[in-house]
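Engineer: As input, take query36.pdb (PDB, C-alpha atoms):
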```
ATOM      1  CA  THR A   1     -24.138 -51.763  14.113  1.00  0.00           C
ATOM      2  CA  SER A   2     -24.967 -55.353  13.407  1.00  0.00           C
ATOM      3  CA  ILE A   3     -27.321 -54.618  10.491  1.00  0.00           C
ATOM      4  CA  SER A   4     -24.417 -53.150   8.513  1.00  0.00           C
ATOM      5  CA  LEU A   5     -22.750 -56.573   8.650  1.00  0.00           C
ATOM      6  CA  PHE A   6     -25.368 -58.038   6.320  1.00  0.00           C
ATOM      7  CA  LEU A   7     -25.553 -57.576   2.559  1.00  0.00           C
ATOM      8  CA  PRO A   8     -28.674 -58.508   0.620  1.00  0.00           C
ATOM      9  CA  ASN A   9     -27.781 -61.438  -1.589  1.00  0.00           C
ATOM     10  CA  THR A  10     -28.601 -65.103  -2.059  1.00  0.00           C
ATOM     11  CA  TYR A  11     -26.696 -67.355   0.308  1.00  0.00           C
ATOM     12  CA  GLU A  12     -26.886 -71.110   0.690  1.00  0.00           C
ATOM     13  CA  PHE A  13     -27.009 -72.536   4.201  1.00  0.00           C
ATOM     14  CA  TRP A  14     -27.887 -75.979   5.473  1.00  0.00           C
ATOM     15  CA  TRP A  15     -30.397 -76.499   8.236  1.00  0.00           C
ATOM     16  CA  THR A  16     -27.527 -77.680  10.418  1.00  0.00           C
ATOM     17  CA  THR A  17     -25.703 -74.339  10.152  1.00  0.00           C
ATOM     18  CA  THR A  18     -25.041 -72.981  13.624  1.00  0.00           C
ATOM     19  CA  PRO A  19     -25.705 -69.342  14.489  1.00  0.00           C
ATOM     20  CA  ALA A  20     -21.964 -68.854  14.961  1.00  0.00           C
ATOM     21  CA  ALA A  21     -21.211 -70.294  11.513  1.00  0.00           C
ATOM     22  CA  PHE A  22     -23.901 -68.073   9.994  1.00  0.00           C
ATOM     23  CA  VAL A  23     -22.436 -64.919  11.539  1.00  0.00           C
ATOM     24  CA  GLU A  24     -18.923 -65.983  10.540  1.00  0.00           C
ATOM     25  CA  ARG A  25     -20.051 -66.414   6.920  1.00  0.00           C
ATOM     26  CA  MET A  26     -21.778 -63.025   6.920  1.00  0.00           C
ATOM     27  CA  ALA A  27     -18.606 -61.433   8.294  1.00  0.00           C
ATOM     28  CA  ARG A  28     -16.542 -63.025   5.495  1.00  0.00           C
ATOM     29  CA  GLU A  29     -19.032 -61.810   2.856  1.00  0.00           C
ATOM     30  CA  HIS A  30     -18.956 -58.322   4.384  1.00  0.00           C
ATOM     31  CA  ASP A  31     -15.162 -58.210   4.448  1.00  0.00           C
ATOM     32  CA  ALA A  32     -14.913 -59.425   0.840  1.00  0.00           C
ATOM     33  CA  PHE A  33     -17.422 -56.785  -0.278  1.00  0.00           C
ATOM     34  CA  TRP A  34     -15.517 -53.977   1.464  1.00  0.00           C
ATOM     35  CA  GLU A  35     -12.049 -55.158   0.420  1.00  0.00           C
ATOM     36  CA  GLY A  36     -10.013 -52.737  -1.678  1.00  0.00           C
ATOM     37  CA  ALA A  37     -11.658 -50.044  -3.792  1.00  0.00           C
ATOM     38  CA  ARG A  38     -14.839 -49.600  -1.748  1.00  0.00           C
ATOM     39  CA  THR A  39     -12.906 -49.011   1.474  1.00  0.00           C
ATOM     40  CA  GLU A  40     -10.615 -46.567  -0.342  1.00  0.00           C
ATOM     41  CA  LYS A  41     -13.586 -44.655  -1.779  1.00  0.00           C
ATOM     42  CA  ALA A  42     -15.215 -44.513   1.656  1.00  0.00           C
ATOM     43  CA  ALA A  43     -12.009 -43.116   3.143  1.00  0.00           C
ATOM     44  CA  ARG A  44     -11.855 -40.445   0.427  1.00  0.00           C
ATOM     45  CA  LEU A  45     -15.363 -39.407   1.446  1.00  0.00           C
ATOM     46  CA  GLY A  46     -14.258 -39.288   5.078  1.00  0.00           C
ATOM     47  CA  LEU A  47     -16.637 -42.116   5.986  1.00  0.00           C
ATOM     48  CA  SER A  48     -16.253 -45.574   7.453  1.00  0.00           C
ATOM     49  CA  PRO A  49     -17.938 -48.562   5.797  1.00  0.00           C
ATOM     50  CA  VAL A  50     -20.637 -48.496   8.507  1.00  0.00           C
ATOM     51  CA  GLU A  51     -21.253 -44.792   7.828  1.00  0.00           C
ATOM     52  CA  VAL A  52     -21.474 -45.477   4.085  1.00  0.00           C
ATOM     53  CA  SER A  53     -23.990 -48.242   4.793  1.00  0.00           C
ATOM     54  CA  THR A  54     -25.955 -45.888   7.027  1.00  0.00           C
ATOM     55  CA  LEU A  55     -26.123 -43.216   4.334  1.00  0.00           C
ATOM     56  CA  ALA A  56     -26.910 -45.847   1.686  1.00  0.00           C
ATOM     57  CA  SER A  57     -29.847 -47.043   3.778  1.00  0.00           C
ATOM     58  CA  ILE A  58     -31.258 -43.507   3.768  1.00  0.00           C
ATOM     59  CA  VAL A  59     -30.707 -43.163   0.017  1.00  0.00           C
ATOM     60  CA  GLN A  60     -32.422 -46.523  -0.507  1.00  0.00           C
ATOM     61  CA  ALA A  61     -35.439 -45.363   1.510  1.00  0.00           C
ATOM     62  CA  GLU A  62     -35.611 -42.093  -0.438  1.00  0.00           C
ATOM     63  CA  THR A  63     -35.852 -43.427  -3.979  1.00  0.00           C
ATOM     64  CA  ILE A  64     -37.021 -46.384  -5.995  1.00  0.00           C
ATOM     65  CA  LYS A  65     -35.094 -45.094  -9.005  1.00  0.00           C
ATOM     66  CA  PRO A  66     -31.549 -46.523  -9.182  1.00  0.00           C
ATOM     67  CA  ASP A  67     -30.445 -43.824 -11.637  1.00  0.00           C
ATOM     68  CA  GLU A  68     -31.337 -41.122  -9.101  1.00  0.00           C
ATOM     69  CA  ALA A  69     -29.601 -42.671  -6.081  1.00  0.00           C
ATOM     70  CA  PRO A  70     -26.133 -41.154  -6.800  1.00  0.00           C
ATOM     71  CA  ARG A  71     -27.705 -37.674  -7.049  1.00  0.00           C
ATOM     72  CA  ILE A  72     -29.537 -38.081  -3.744  1.00  0.00           C
ATOM     73  CA  ALA A  73     -26.338 -39.396  -2.156  1.00  0.00           C
ATOM     74  CA  GLY A  74     -24.614 -36.257  -3.442  1.00  0.00           C
ATOM     75  CA  VAL A  75     -27.212 -34.060  -1.724  1.00  0.00           C
ATOM     76  CA  TYR A  76     -26.609 -35.752   1.610  1.00  0.00           C
ATOM     77  CA  LEU A  77     -22.824 -35.637   1.203  1.00  0.00           C
ATOM     78  CA  ASN A  78     -23.096 -31.910   0.433  1.00  0.00           C
ATOM     79  CA  ARG A  79     -25.107 -31.425   3.619  1.00  0.00           C
ATOM     80  CA  LEU A  80     -22.614 -33.411   5.692  1.00  0.00           C
ATOM     81  CA  ARG A  81     -19.745 -31.439   4.178  1.00  0.00           C
ATOM     82  CA  ILE A  82     -21.200 -28.073   5.263  1.00  0.00           C
ATOM     83  CA  GLY A  83     -22.537 -29.258   8.621  1.00  0.00           C
ATOM     84  CA  MET A  84     -26.189 -28.995   7.578  1.00  0.00           C
ATOM     85  CA  PRO A  85     -28.643 -31.448   9.175  1.00  0.00           C
ATOM     86  CA  LEU A  86     -29.591 -34.288   6.853  1.00  0.00           C
ATOM     87  CA  GLN A  87     -33.317 -33.730   7.502  1.00  0.00           C
ATOM     88  CA  ALA A  88     -34.094 -37.112   5.971  1.00  0.00           C
ATOM     89  CA  ASP A  89     -37.749 -38.102   6.283  1.00  0.00           C
ATOM     90  CA  PRO A  90     -36.984 -41.854   6.155  1.00  0.00           C
ATOM     91  CA  THR A  91     -35.046 -41.537   9.420  1.00  0.00           C
ATOM     92  CA  LEU A  92     -38.166 -40.092  11.063  1.00  0.00           C
ATOM     93  CA  LYS A  93     -40.272 -42.943   9.703  1.00  0.00           C
ATOM     94  CA  PHE A  94     -37.738 -45.364  11.188  1.00  0.00           C
ATOM     95  CA  ALA A  95     -37.669 -43.588  14.562  1.00  0.00           C
ATOM     96  CA  LEU A  96     -41.465 -43.516  14.730  1.00  0.00           C
ATOM     97  CA  GLY A  97     -42.013 -47.009  13.312  1.00  0.00           C
ATOM     98  CA  LEU A  98     -44.102 -45.555  10.474  1.00  0.00           C
ATOM     99  CA  ASP A  99     -43.430 -47.864   7.552  1.00  0.00           C
ATOM    100  CA  SER A 100     -46.416 -47.082   5.393  1.00  0.00           C
ATOM    101  CA  VAL A 101     -46.991 -43.331   5.675  1.00  0.00           C
ATOM    102  CA  SER A 102     -46.685 -41.167   2.581  1.00  0.00           C
ATOM    103  CA  ARG A 103     -46.429 -37.880   4.389  1.00  0.00           C
ATOM    104  CA  ILE A 104     -44.272 -36.660   7.255  1.00  0.00           C
ATOM    105  CA  LEU A 105     -45.980 -34.098   9.465  1.00  0.00           C
ATOM    106  CA  ASP A 106     -44.329 -31.284  11.423  1.00  0.00           C
ATOM    107  CA  LYS A 107     -45.163 -33.071  14.698  1.00  0.00           C
ATOM    108  CA  ASP A 108     -43.121 -36.064  13.469  1.00  0.00           C
ATOM    109  CA  LYS A 109     -40.034 -33.861  13.377  1.00  0.00           C
ATOM    110  CA  LEU A 110     -40.205 -33.482  17.163  1.00  0.00           C
ATOM    111  CA  VAL A 111     -39.578 -37.155  17.972  1.00  0.00           C
ATOM    112  CA  ASP A 112     -36.832 -37.607  20.555  1.00  0.00           C
ATOM    113  CA  SER A 113     -34.571 -40.108  18.840  1.00  0.00           C
ATOM    114  CA  PRO A 114     -30.936 -40.257  17.728  1.00  0.00           C
ATOM    115  CA  TYR A 115     -32.425 -41.196  14.332  1.00  0.00           C
ATOM    116  CA  ASN A 116     -34.151 -37.806  14.071  1.00  0.00           C
ATOM    117  CA  THR A 117     -31.919 -36.143  11.486  1.00  0.00           C
ATOM    118  CA  TYR A 118     -33.893 -32.916  11.824  1.00  0.00           C
ATOM    119  CA  THR A 119     -32.680 -32.405  15.407  1.00  0.00           C
ATOM    120  CA  HIS A 120     -29.403 -34.365  15.409  1.00  0.00           C
ATOM    121  CA  ALA A 121     -26.492 -33.358  13.201  1.00  0.00           C
ATOM    122  CA  GLY A 122     -24.607 -35.851  11.094  1.00  0.00           C
ATOM    123  CA  LEU A 123     -25.529 -39.432  10.376  1.00  0.00           C
ATOM    124  CA  PRO A 124     -27.836 -41.459  12.604  1.00  0.00           C
ATOM    125  CA  PRO A 125     -26.241 -44.199  14.754  1.00  0.00           C
ATOM    126  CA  GLY A 126     -26.694 -46.893  12.119  1.00  0.00           C
ATOM    127  CA  PRO A 127     -28.581 -48.025   9.031  1.00  0.00           C
ATOM    128  CA  ILE A 128     -32.378 -47.757   8.916  1.00  0.00           C
ATOM    129  CA  ASN A 129     -32.619 -50.767   6.600  1.00  0.00           C
ATOM    130  CA  MET A 130     -30.333 -53.274   4.930  1.00  0.00           C
ATOM    131  CA  PRO A 131     -28.979 -51.316   1.940  1.00  0.00           C
ATOM    132  CA  GLU A 132     -28.532 -53.086  -1.355  1.00  0.00           C
ATOM    133  CA  PRO A 133     -25.005 -53.053  -2.793  1.00  0.00           C
ATOM    134  CA  ARG A 134     -26.141 -50.715  -5.600  1.00  0.00           C
ATOM    135  CA  ASN A 135     -27.094 -48.080  -3.006  1.00  0.00           C
ATOM    136  CA  ILE A 136     -23.786 -48.486  -1.207  1.00  0.00           C
ATOM    137  CA  ASP A 137     -22.101 -47.973  -4.574  1.00  0.00           C
ATOM    138  CA  ALA A 138     -24.358 -44.943  -5.207  1.00  0.00           C
ATOM    139  CA  VAL A 139     -22.904 -43.323  -2.088  1.00  0.00           C
ATOM    140  CA  LEU A 140     -19.341 -44.310  -2.993  1.00  0.00           C
ATOM    141  CA  ASN A 141     -19.855 -42.922  -6.515  1.00  0.00           C
ATOM    142  CA  ALA A 142     -22.140 -40.035  -5.620  1.00  0.00           C
ATOM    143  CA  GLU A 143     -22.755 -37.264  -8.122  1.00  0.00           C
ATOM    144  CA  ARG A 144     -20.839 -34.070  -7.553  1.00  0.00           C
ATOM    145  CA  HIS A 145     -23.187 -31.092  -7.776  1.00  0.00           C
ATOM    146  CA  ASP A 146     -24.409 -28.074  -5.806  1.00  0.00           C
ATOM    147  CA  TYR A 147     -27.834 -29.404  -4.795  1.00  0.00           C
ATOM    148  CA  LEU A 148     -28.775 -29.189  -1.123  1.00  0.00           C
ATOM    149  CA  TYR A 149     -32.452 -30.111  -1.378  1.00  0.00           C
ATOM    150  CA  PHE A 150     -34.789 -32.506  -3.118  1.00  0.00           C
ATOM    151  CA  CYS A 151     -38.466 -33.321  -2.997  1.00  0.00           C
ATOM    152  CA  ALA A 152     -40.624 -35.975  -4.643  1.00  0.00           C
ATOM    153  CA  ARG A 153     -42.061 -34.877  -7.979  1.00  0.00           C
ATOM    154  CA  ASP A 154     -45.716 -33.981  -8.098  1.00  0.00           C
ATOM    155  CA  ASP A 155     -46.307 -36.440 -10.951  1.00  0.00           C
ATOM    156  CA  PHE A 156     -45.716 -39.386  -8.553  1.00  0.00           C
ATOM    157  CA  SER A 157     -43.211 -40.856 -11.014  1.00  0.00           C
ATOM    158  CA  GLY A 158     -40.849 -41.842  -8.216  1.00  0.00           C
ATOM    159  CA  TYR A 159     -38.350 -39.195  -9.276  1.00  0.00           C
ATOM    160  CA  SER A 160     -37.376 -36.067  -7.346  1.00  0.00           C
ATOM    161  CA  ASP A 161     -36.967 -32.387  -8.115  1.00  0.00           C
ATOM    162  CA  PHE A 162     -33.613 -31.015  -6.935  1.00  0.00           C
ATOM    163  CA  ALA A 163     -32.825 -27.500  -5.744  1.00  0.00           C
ATOM    164  CA  LYS A 164     -29.768 -25.459  -4.875  1.00  0.00           C
ATOM    165  CA  SER A 165     -31.635 -22.825  -2.850  1.00  0.00           C
ATOM    166  CA  TYR A 166     -34.176 -23.121  -0.065  1.00  0.00           C
ATOM    167  CA  ALA A 167     -36.587 -20.843  -1.950  1.00  0.00           C
ATOM    168  CA  GLU A 168     -36.476 -23.165  -4.960  1.00  0.00           C
ATOM    169  CA  HIS A 169     -36.972 -26.161  -2.674  1.00  0.00           C
ATOM    170  CA  LEU A 170     -40.030 -24.568  -1.055  1.00  0.00           C
ATOM    171  CA  ARG A 171     -41.619 -24.117  -4.488  1.00  0.00           C
ATOM    172  CA  ASN A 172     -40.992 -27.795  -5.264  1.00  0.00           C
ATOM    173  CA  ALA A 173     -42.294 -28.898  -1.850  1.00  0.00           C
ATOM    174  CA  ARG A 174     -45.466 -26.821  -2.133  1.00  0.00           C
ATOM    175  CA  ARG A 175     -46.155 -28.258  -5.573  1.00  0.00           C
ATOM    176  CA  TYR A 176     -45.779 -31.788  -4.194  1.00  0.00           C
ATOM    177  CA  GLN A 177     -47.937 -31.002  -1.143  1.00  0.00           C
ATOM    178  CA  ARG A 178     -50.706 -29.707  -3.437  1.00  0.00           C
ATOM    179  CA  ALA A 179     -50.501 -32.955  -5.423  1.00  0.00           C
ATOM    180  CA  LEU A 180     -50.774 -35.000  -2.205  1.00  0.00           C
ATOM    181  CA  ASN A 181     -53.788 -32.949  -1.137  1.00  0.00           C
ATOM    182  CA  ALA A 182     -55.428 -33.397  -4.547  1.00  0.00           C
ATOM    183  CA  ARG A 183     -55.131 -37.168  -4.090  1.00  0.00           C
ATOM    184  CA  ARG A 184     -56.374 -36.886  -0.501  1.00  0.00           C
ATOM    185  CA  ILE A 185     -53.125 -38.237   0.900  1.00  0.00           C
ATOM    186  CA  TYR A 186     -52.913 -36.677   4.336  1.00  0.00           C
ATOM    187  CA  ARG A 187     -50.731 -39.237   6.106  1.00  0.00           C
TER     188      ARG A 187
END
```
Please re-express this file's structure in structure tokens.
Structural biologist:
Amino acid sequence: TSISLFLPNTYEFWWTTTPAAFVERMAREHDAFWEGARTEKAARLGLSPVEVSTLASIVQAETIKPDEAPRIAGVYLNRLRIGMPLQADPTLKFALGLDSVSRILDKDKLVDSPYNTYTHAGLPPGPINMPEPRNIDAVLNAERHDYLYFCARDDFSGYSDFAKSYAEHLRNARRYQRALNARRIYR
């Protein structure tokens, strides 16, 4: 997709730059970024650069903590590896155009969209945002672990609690839901 062509950075352009020259420059920047080691790492993961960017966009939407991004990437790679749906709430927010909600409801999981990772297996068709290079690198250097689940911590620190089993995940999720309710965050 076209959004995966762009990398957040500071670029200098003159007001006389044509649209074609702009796109050409972005393509050169993209190719330079993906040259060599990153493309090799993506291939070892069984992903294309666009797929890495797509997963990185989900990771970026999941956490504000750079040190946690490789762990979250590892969760999603584990799910992809075993054929488990990603079930990524940020993809639902994207599909529904809900930028500012703090809580995904069960009815949201019914949206008919290729970006609904609750009902569609694998990665969505493209990125849900423009992932920063650090999140692309978090996917390419994802943590290796046995976690399949994660949920925001109930202390609202921005960190997540990780779980290997669904039962453990449900305990974490219920704790977080109680914290949301206590703060009267219903949507």
Engineer: Write out as a Markdown table the residues of region 76-167 of chain A that have any atom within 9 Å of an atom of region 63-72 of chain A, one row each with the nearest atom pair and its distance in Å to one decimal, counting all atoms listed in the file, sorted by chain and then rising number.
Structural biologist:
```
| residue | atom | partner | partner_atom | distance |
| --- | --- | --- | --- | --- |
| A:Tyr76 | CA | A:Ile72 | CA | 6.5 |
| A:Leu77 | CA | A:Ile72 | CA | 8.7 |
| A:Arg134 | CA | A:Pro66 | CA | 7.7 |
| A:Asn135 | CA | A:Ala69 | CA | 6.7 |
| A:Asp137 | CA | A:Pro70 | CA | 8.2 |
| A:Ala138 | CA | A:Pro70 | CA | 4.5 |
| A:Val139 | CA | A:Pro70 | CA | 6.1 |
| A:Leu140 | CA | A:Pro70 | CA | 8.4 |
| A:Asn141 | CA | A:Pro70 | CA | 6.5 |
| A:Ala142 | CA | A:Pro70 | CA | 4.3 |
| A:Glu143 | CA | A:Arg71 | CA | 5.1 |
| A:Arg144 | CA | A:Arg71 | CA | 7.8 |
| A:His145 | CA | A:Arg71 | CA | 8.0 |
| A:Tyr147 | CA | A:Arg71 | CA | 8.6 |
| A:Tyr149 | CA | A:Ile72 | CA | 8.8 |
| A:Phe150 | CA | A:Ile72 | CA | 7.7 |
| A:Ala152 | CA | A:Thr63 | CA | 8.9 |
| A:Gly158 | CA | A:Ile64 | CA | 6.3 |
| A:Tyr159 | CA | A:Lys65 | CA | 6.7 |
| A:Ser160 | CA | A:Glu68 | CA | 8.1 |
| A:Phe162 | CA | A:Ile72 | CA | 8.8 |
```
Engineer: Point out the residue among A:Phe33, A:Ile128, A:Arg175, A:Thr18 with the least atom-to-atom distance to Arg153 (chain A), counting all atoms listed in the file.
Structural biologist: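 Looking only at the distances to Arg153 (chain A), the closest residue turns out to be A:Arg175.
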Engineer: Restricting the calculation to only C-alpha atoms: of A:Ala43, A:Met26, A:Val52, A:Ile136, which residue gets closest to Leu123 (chain A)?
Structural biologist: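 Using only C-alpha atoms, the shortest distance to Leu123 (chain A) belongs to A:Val52.
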Engineer: Which residues would end up in the selection if the PyMOL selection byres ((chain A and resi 5) around 9) were applied here, given that I need the answer as a PyMOL selection string?
Structural biologist: chain A and resi 1-4+6-7+23+26-27+29-31+50
Engineer: So what do you get for CA of Pro19 (chain A) versus CA of Asn129 (chain A), distance-wise?
Structural biologist: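 The value is 21.3 Å.
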Engineer: Applying the PyMOL selection byres ((chain A and resi 90-101) around 6) to the file I just gave you, which residues come out? Please list them as a VMD selection string.
Structural biologist: chain A and resid 88 to 89 102 to 103 115 to 116 187
Engineer: Mind writing the picked residues with C-alpha atoms as a PDB file, keeping the file's coordinate frame?
Structural biologist:
```pdb
ATOM      1  CA  ALA A  88     -34.094 -37.112   5.971  1.00  0.00           C
ATOM      2  CA  ASP A  89     -37.749 -38.102   6.283  1.00  0.00           C
ATOM      3  CA  SER A 102     -46.685 -41.167   2.581  1.00  0.00           C
ATOM      4  CA  ARG A 103     -46.429 -37.880   4.389  1.00  0.00           C
ATOM      5  CA  TYR A 115     -32.425 -41.196  14.332  1.00  0.00           C
ATOM      6  CA  ASN A 116     -34.151 -37.806  14.071  1.00  0.00           C
ATOM      7  CA  ARG A 187     -50.731 -39.237   6.106  1.00  0.00           C
TER       8      ARG A 187
END
```
Engineer: Determine the residue set returned by the PyMOL selection byres ((chain A and resi 154) around 9) for the present structure, and present it as a list in words.
Structural biologist: Cys151, Ala152, Arg153, Asp155, Phe156, Ser157, Ser160, Asp161, Asn172, Ala173, Arg175, Tyr176, Gln177, Arg178, Ala179 and Leu180 of chain A
Engineer: Would you compute the distance between CA of Glu35 (chain A) and CA of Ile82 (chain A)? Give it in Å to one decimal.
Structural biologist: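 Those two atoms sit 29.0 Å apart.
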Engineer: Report, in Å with one decimal, the straight-line distance from CA of Leu45 (chain A) to CA of Thr117 (chain A).
Structural biologist: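 These atoms are spaced 19.6 Å apart.
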Engineer: Rank A:Ile185, A:Pro131, A:Tyr166, A:Trp34 by their smallest atom-to-atom distance to Leu105 (chain A), using only C-alpha atoms, and report the top residue only.
Structural biologist: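 Closest to Leu105 (chain A) of all the choices is A:Ile185.
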Engineer: As a PyMOL selection string, please: the residues near Pro114 (chain A) (cut-off 7 Å, all atoms listed in the file, same-chain neighbours under 6 positions excluded).
Structural biologist: chain A and resi 120+124-125
Engineer: For Met84 (chain A), please output as a PyMOL selection string all residues within 8 Å (counting all atoms listed in the file; exclusion window: fewer than 3 positions along the same chain).
Structural biologist: chain A and resi 79-81+121-122
Engineer: Using all atoms listed in the file, which residues sit within 10 Å of Phe13 (chain A) once same-chain residues fewer than 5 positions away are excluded, as a VMD selection string?
Structural biologist: chain A and resid 18 21 to 22 25
Engineer: Select, from A:Leu55, A:Leu47, A:Arg28, A:Glu40, the residue with the minimum atom-to-atom distance to Gly126 (chain A), counting only C-alpha atoms.
Structural biologist: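 The shortest atom-to-atom distance to Gly126 (chain A) comes from A:Leu55.
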Engineer: Name the closest residue to Ser53 (chain A) among the candidates A:Leu86, A:Ala73, A:Val111, A:Met130; distances are taken between atoms, counting only C-alpha atoms.
Structural biologist: A:Met130
